[in-house]
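Visitor: This is the structure I want to talk about, given as C-alpha cells.
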Amino acid sequence: MQVKELEKVEAAGIFGTLTQMGHEQVVFCNDEATGLKAIIGIHNTVLGPALGGTRMWNYASEQEAITDVLRLSRGMTFKAAISGLNLGGGKAVIIGDAKTQKTEAFMRRFGKFVNSLGGKYITAEDVNMKTADMEYIGMETKHVTGLPESMGGSGDPSPVTAYGVYLGMKSTAKKVYGNDSLVGKKVAVQGVGQVGMYLVEHLVKEGAKVTINDISEEKVKMLVEKFGVATVGADALYDLDMDIYAPCALGATLNDNTIPRLKAAIVAGAANNQLKDELKHGYMLRDKSITYAPDFLINAGGLINVYNEYLGNYNRKRALEQAEKIYTTNLNILTLAENEKISSQEAAIKLSEKRIEEVGRVRIPR
Ligand code: NAD
C-alpha cells in the first residue's frame with residue numbers, strides 16, 4: 001500500500017476504495033427504533049484488534065461519513081503500528097446530532113453492534129463522545145475503553161496526548177534548530193480544547209511565546225487570563241510571523257490555500273488528518289522547507305493511554321512514560337525522510353507498514 005491521493009480513491013466506488021485503501025471490513029449499523037445510523041471501519045487487524053474512537057457528527061451526506069470513517073480508521077492502523085502497540089486500526093462514526101439524539105438506548109444499541117464484532121473492533125471516545133457514553137456502551141459490550149477512572153478506566157486521554165505532542169514538537173525543534181529548546185519560540189496553537197489547552201500549559205511553562213486561536217471566545221478568554229498568551233483571528237493565523245504552527249482543532253488545515261502563506265519552520269500539532277491530501281501537501285511542506293511532524297505519530301498519546309487501559313491495571317505514569325517514546329520515534333522519522341528524500345508523512349507510513357509486514361509474518365502459523 002502506498003500513500004494515496006484520497007480524492008482519486010473516492011472515485012473508485014466502495015469496493016474499489018476499500019481495496020485501494022486496504023480496509024478489511026466496513027460495517028453499517030442501522031436501528032430504526034433509536035434512530036442510530038453508524039459505520040464501523042476496520043482497516044487492519046494484523047497487529048491486534050482494531051482500536052479507535054467513535055465520532056458523532058452531523059455529516060452533510062452519507063458519502064462524507066464513509067470518507068471520514070475510512071480515512072480515520074486507516075490513520076489508526078499507522079498510529080498503532082508506529083507507536084509499537086499490538087493493535088490494529090479501526091474507527092466508528094455515528095451520523096446525527098450529538099446534542100439531541102444521544103440517549104441511553106441509542107448508545108447501548110451502538111454498544112450491541114460493537115459487541116457483535118466479538119472484539120475485532122474496540123471502541124473509545126472521539127469527537128462529541130463523553131466518558132458517560134462509554135459507560136452506556138460498556139453495559140452492552142466489554143470491547144470499550146476510555147471509561148471513567150471511577151470505573152477502573154483511564155479517564156480523559158487529553159493530558160497524555162498533549163504531552164506527546166509537546167515532546168514531538170521538541171524533537172522536531174531538535175532536528176530543525178539543533179537543540180530542542182522552545183524558549184522564545186513563537187508558537188501558534190489553533191484550537192485550545194482539551195488537548196490544545198494542556199499543550200499551551202507545557203509551552204508557556206517552558207518559555208515559548210504562544211499565540212492562540214479558537215472559535216470559542218470563552219476558551220480564548222480563559223487562557224489569556226490564565227497564561228497571558230496572545231491571540232490571533234482565524235484566517236490571520238496562517239499569515240502570522242511564527243516558528244511553529246500547532247493545529248489542534250480540525251483536520252485538512254494544511255492545503256493549497258494555507259501552505260503558501262505559512263512562514264513557520266515547523267508544523268506539529270494534535271489534530272488528525274492535518275494534510276488535506278497526504279501525498280501532495282506532505283511534499284508541498286517539504287518543498288517549502290517546513291518540517292512536518294506526522295500527526296498520527298505525535299498525537300498517539302491518547303491511543304497509548306487507552307491501550308494501557310485495555311491491557312488492564314491502568315497506570316497513568318506508565319502511559320506517560322510510553323508516550324515519551326514519541327520524541328525519539330519522531331526524530332528517527334525526520335532523519336529517515338531526509339535521508340530518503342521523501343516527505344515525513346510518507347516516511348512514517350513506510351515505517352508503520354514495515355512493522356505490520358514483519359510482525360504479520362511472525363504471526364503466521366508455521
Ligand atoms: P476539543 O473538541 O476539546 O477541542 C477542539 C477545539 O477546537 C475546541 O476548543 C473548538 O472550539 C476548537 N475549534 C473548532 N473549530 C475550530 C476552528 N475552525 N478554528 C479554531 N478552533 C476551532 O478536541 P480535542 O480533544 O482537544 O482534540 C483536538 C484535536 O486533536 C482533534 O482534531 C482530535 O481529533 C485530535 N486528537 C485528540 C486526542 C485526544 O486525546 N483528545 C487524541 C488524538 C487526536
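Going by the C-alpha cells order, chains are called A, B, ..., each with residues numbered from 1, while ligands are numbered from 1 in the order shown.
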Which parts of stretch 42-168 of chain A does DSSP call strand (DSSP E) when run on the backbone here, written out as a ChimeraX atom specification?
Guide: /A:42-44,50-51,54-57,88-95,121-122
Visitor: Which protein, DNA or RNA residues have an atom within 8 Å of ligand 1, counting only C-alpha atoms and all ligand atoms, as a VMD selection string?
Guide: chain A and resid 126 to 128 156 to 162 190 to 197 213 to 216 219 234 247 to 251 269 to 273 296 299 to 303
Visitor: Write the selection just made, keeping N, CA, C and O atoms, as a short mmCIF file (atom, residue, chain, number, x, y, z; two decimals), in the first residue's frame?
Guide:
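In the end it all went to selection_29.cif:
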```
data_model
loop_
_atom_site.label_atom_id
_atom_site.label_comp_id
_atom_site.auth_asym_id
_atom_site.auth_seq_id
_atom_site.Cartn_x
_atom_site.Cartn_y
_atom_site.Cartn_z
N ASP A 126 -14.31 9.76 20.87
CA ASP A 126 -13.76 10.70 19.89
C ASP A 126 -14.66 11.93 19.93
O ASP A 126 -15.41 12.12 20.91
N VAL A 127 -14.66 12.71 18.89
CA VAL A 127 -15.41 13.97 18.87
C VAL A 127 -16.88 13.74 19.24
O VAL A 127 -17.53 12.82 18.72
N ASN A 128 -17.39 14.56 20.16
CA ASN A 128 -18.78 14.52 20.62
C ASN A 128 -19.16 13.27 21.41
O ASN A 128 -20.34 12.92 21.52
N ASP A 156 -9.81 10.83 31.04
CA ASP A 156 -9.52 11.76 29.93
C ASP A 156 -8.12 11.51 29.35
O ASP A 156 -7.12 11.66 30.06
N PRO A 157 -8.03 11.19 28.04
CA PRO A 157 -6.71 10.91 27.46
C PRO A 157 -5.94 12.18 27.07
O PRO A 157 -4.75 12.13 26.77
N SER A 158 -6.63 13.34 27.10
CA SER A 158 -6.04 14.56 26.53
C SER A 158 -4.69 14.97 27.14
O SER A 158 -3.80 15.39 26.39
N PRO A 159 -4.50 14.86 28.47
CA PRO A 159 -3.19 15.25 29.00
C PRO A 159 -2.05 14.40 28.42
O PRO A 159 -0.96 14.92 28.17
N VAL A 160 -2.33 13.11 28.18
CA VAL A 160 -1.28 12.25 27.62
C VAL A 160 -1.04 12.62 26.14
O VAL A 160 0.11 12.68 25.68
N THR A 161 -2.13 12.90 25.43
CA THR A 161 -1.98 13.33 24.03
C THR A 161 -1.16 14.62 23.96
O THR A 161 -0.22 14.73 23.16
N ALA A 162 -1.51 15.58 24.81
CA ALA A 162 -0.81 16.88 24.77
C ALA A 162 0.67 16.72 25.11
O ALA A 162 1.52 17.36 24.48
N GLN A 190 -3.70 26.48 17.24
CA GLN A 190 -5.05 26.65 16.67
C GLN A 190 -5.98 25.62 17.31
O GLN A 190 -5.85 24.42 17.07
N GLY A 191 -6.89 26.10 18.15
CA GLY A 191 -7.79 25.18 18.86
C GLY A 191 -7.26 24.93 20.27
O GLY A 191 -6.25 24.25 20.44
N VAL A 192 -7.92 25.52 21.25
CA VAL A 192 -7.48 25.30 22.64
C VAL A 192 -8.56 24.55 23.42
O VAL A 192 -9.09 25.01 24.41
N GLY A 193 -8.89 23.38 22.89
CA GLY A 193 -9.83 22.49 23.57
C GLY A 193 -9.07 21.64 24.55
O GLY A 193 -8.07 22.09 25.15
N GLN A 194 -9.49 20.40 24.72
CA GLN A 194 -8.88 19.52 25.71
C GLN A 194 -7.38 19.39 25.53
O GLN A 194 -6.62 19.53 26.47
N VAL A 195 -6.95 19.11 24.29
CA VAL A 195 -5.52 18.89 24.05
C VAL A 195 -4.77 20.23 23.96
O VAL A 195 -3.73 20.42 24.60
N GLY A 196 -5.32 21.16 23.16
CA GLY A 196 -4.67 22.45 22.95
C GLY A 196 -4.37 23.17 24.27
O GLY A 196 -3.29 23.75 24.45
N MET A 197 -5.30 23.09 25.17
CA MET A 197 -5.17 23.75 26.47
C MET A 197 -3.95 23.22 27.26
O MET A 197 -3.14 23.99 27.75
N ASN A 213 -5.74 30.66 18.94
CA ASN A 213 -6.99 30.98 18.24
C ASN A 213 -7.98 29.87 18.55
O ASN A 213 -7.61 28.70 18.63
N ASP A 214 -9.26 30.24 18.72
CA ASP A 214 -10.31 29.23 18.89
C ASP A 214 -11.64 29.89 18.53
O ASP A 214 -11.80 31.10 18.71
N ILE A 215 -12.58 29.10 18.01
CA ILE A 215 -13.90 29.68 17.70
C ILE A 215 -14.67 29.96 18.99
O ILE A 215 -15.65 30.69 18.98
N SER A 216 -14.22 29.39 20.09
CA SER A 216 -14.88 29.64 21.38
C SER A 216 -14.22 30.84 22.06
O SER A 216 -13.08 30.75 22.55
N LYS A 219 -13.17 30.12 25.72
CA LYS A 219 -11.91 29.40 25.96
C LYS A 219 -10.71 30.33 25.75
O LYS A 219 -9.74 30.28 26.51
N ALA A 234 -8.96 33.93 13.13
CA ALA A 234 -8.92 32.60 12.50
C ALA A 234 -8.09 32.60 11.21
O ALA A 234 -7.18 31.78 11.05
N PRO A 247 -1.59 22.79 14.76
CA PRO A 247 -3.04 22.59 14.54
C PRO A 247 -3.61 21.64 15.58
O PRO A 247 -3.23 20.47 15.62
N CYS A 248 -4.51 22.15 16.40
CA CYS A 248 -5.11 21.31 17.46
C CYS A 248 -6.63 21.41 17.42
O CYS A 248 -7.30 21.25 18.46
N ALA A 249 -7.19 21.71 16.25
CA ALA A 249 -8.65 21.80 16.14
C ALA A 249 -9.13 20.82 15.08
O ALA A 249 -9.51 19.69 15.39
N LEU A 250 -9.07 21.25 13.84
CA LEU A 250 -9.63 20.47 12.74
C LEU A 250 -8.56 19.83 11.87
O LEU A 250 -7.40 20.25 11.91
N GLY A 251 -9.01 18.89 11.02
CA GLY A 251 -8.12 18.31 10.03
C GLY A 251 -8.08 19.19 8.77
O GLY A 251 -8.80 20.19 8.69
N GLY A 269 1.25 19.38 15.65
CA GLY A 269 0.02 19.58 16.41
C GLY A 269 -0.73 18.29 16.64
O GLY A 269 -0.29 17.20 16.23
N ALA A 270 -1.89 18.41 17.28
CA ALA A 270 -2.65 17.24 17.72
C ALA A 270 -3.73 16.77 16.73
O ALA A 270 -4.15 15.62 16.77
N ALA A 271 -4.20 17.66 15.87
CA ALA A 271 -5.35 17.33 15.02
C ALA A 271 -5.05 16.11 14.14
O ALA A 271 -3.92 15.89 13.73
N ASN A 272 -6.08 15.32 13.88
CA ASN A 272 -5.95 14.17 12.97
C ASN A 272 -6.08 14.65 11.53
O ASN A 272 -6.79 15.61 11.26
N ASN A 273 -5.42 13.97 10.61
CA ASN A 273 -5.52 14.26 9.16
C ASN A 273 -5.28 15.73 8.84
O ASN A 273 -6.08 16.38 8.18
N PHE A 296 -0.24 11.50 13.05
CA PHE A 296 -0.63 10.24 13.71
C PHE A 296 0.48 9.71 14.63
O PHE A 296 0.22 8.89 15.50
N ASN A 299 0.45 12.54 17.88
CA ASN A 299 -0.78 12.63 18.69
C ASN A 299 -1.22 11.26 19.22
O ASN A 299 -2.36 11.08 19.63
N ALA A 300 -0.28 10.30 19.22
CA ALA A 300 -0.65 8.93 19.62
C ALA A 300 -0.80 8.75 21.13
O ALA A 300 -1.16 7.66 21.59
N GLY A 301 -0.52 9.78 21.91
CA GLY A 301 -0.61 9.66 23.38
C GLY A 301 -1.97 9.15 23.85
O GLY A 301 -2.05 8.33 24.77
N GLY A 302 -3.04 9.62 23.21
CA GLY A 302 -4.39 9.20 23.60
C GLY A 302 -4.59 7.71 23.37
O GLY A 302 -5.18 7.00 24.20
N LEU A 303 -4.08 7.22 22.24
CA LEU A 303 -4.20 5.80 21.93
C LEU A 303 -3.34 4.98 22.89
O LEU A 303 -3.77 3.93 23.39
#
```
Visitor: Quick one: residues within 8 Å of stretch 109-117 of chain A, only C-alpha atoms counted, chain neighbours fewer than 3 positions away excluded, as a list in words?
Guide: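 Residues near the query, excluding close chain neighbours: Cys29, Asp31, Thr34, Leu36, Ala38, Ala105, Phe106, Lys120, Tyr121, Ile122, Thr123, Tyr136, Ile137, Gly138, Met139, Glu140, Thr141, Lys142 and His143 of chain A.
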Visitor: What lies within 10 Å of stretch 331-348 of chain A using only C-alpha atoms, ignoring chain neighbours under 6 positions off, as a PyMOL selection string?
Guide: chain A and resi 2-3+78-79+81-82+168+170-176+275+278-287+291-297+354
Visitor: Give me the residues within 12 Å of A:Lys226 as a list of chain:residue names, counting only C-alpha atoms and dropping any in the same chain fewer than 3 places off.
Guide: A:Met197, A:Val200, A:Glu201, A:Val204, A:Lys205, A:Lys219, A:Val220, A:Lys221, A:Met222, A:Leu223, A:Val229, A:Ala230
Visitor: With only C-alpha atoms as the counted atoms, please give the residues lying no more than 6 Å from A:Gly52, apart from itself and same-chain residues fewer than 5 positions off, as a list in words.
Guide: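 Surrounding residues, per the criterion: Gly90, Lys91, Thr123 and Ala124 of chain A.
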Visitor: Would you mind reading off the distance between atom CA of A:Thr131 and atom CA of A:Glu104, one decimal, in Å?
Guide: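 Atom-to-atom, atom CA of A:Thr131 to atom CA of A:Glu104, that is 12.9 Å.
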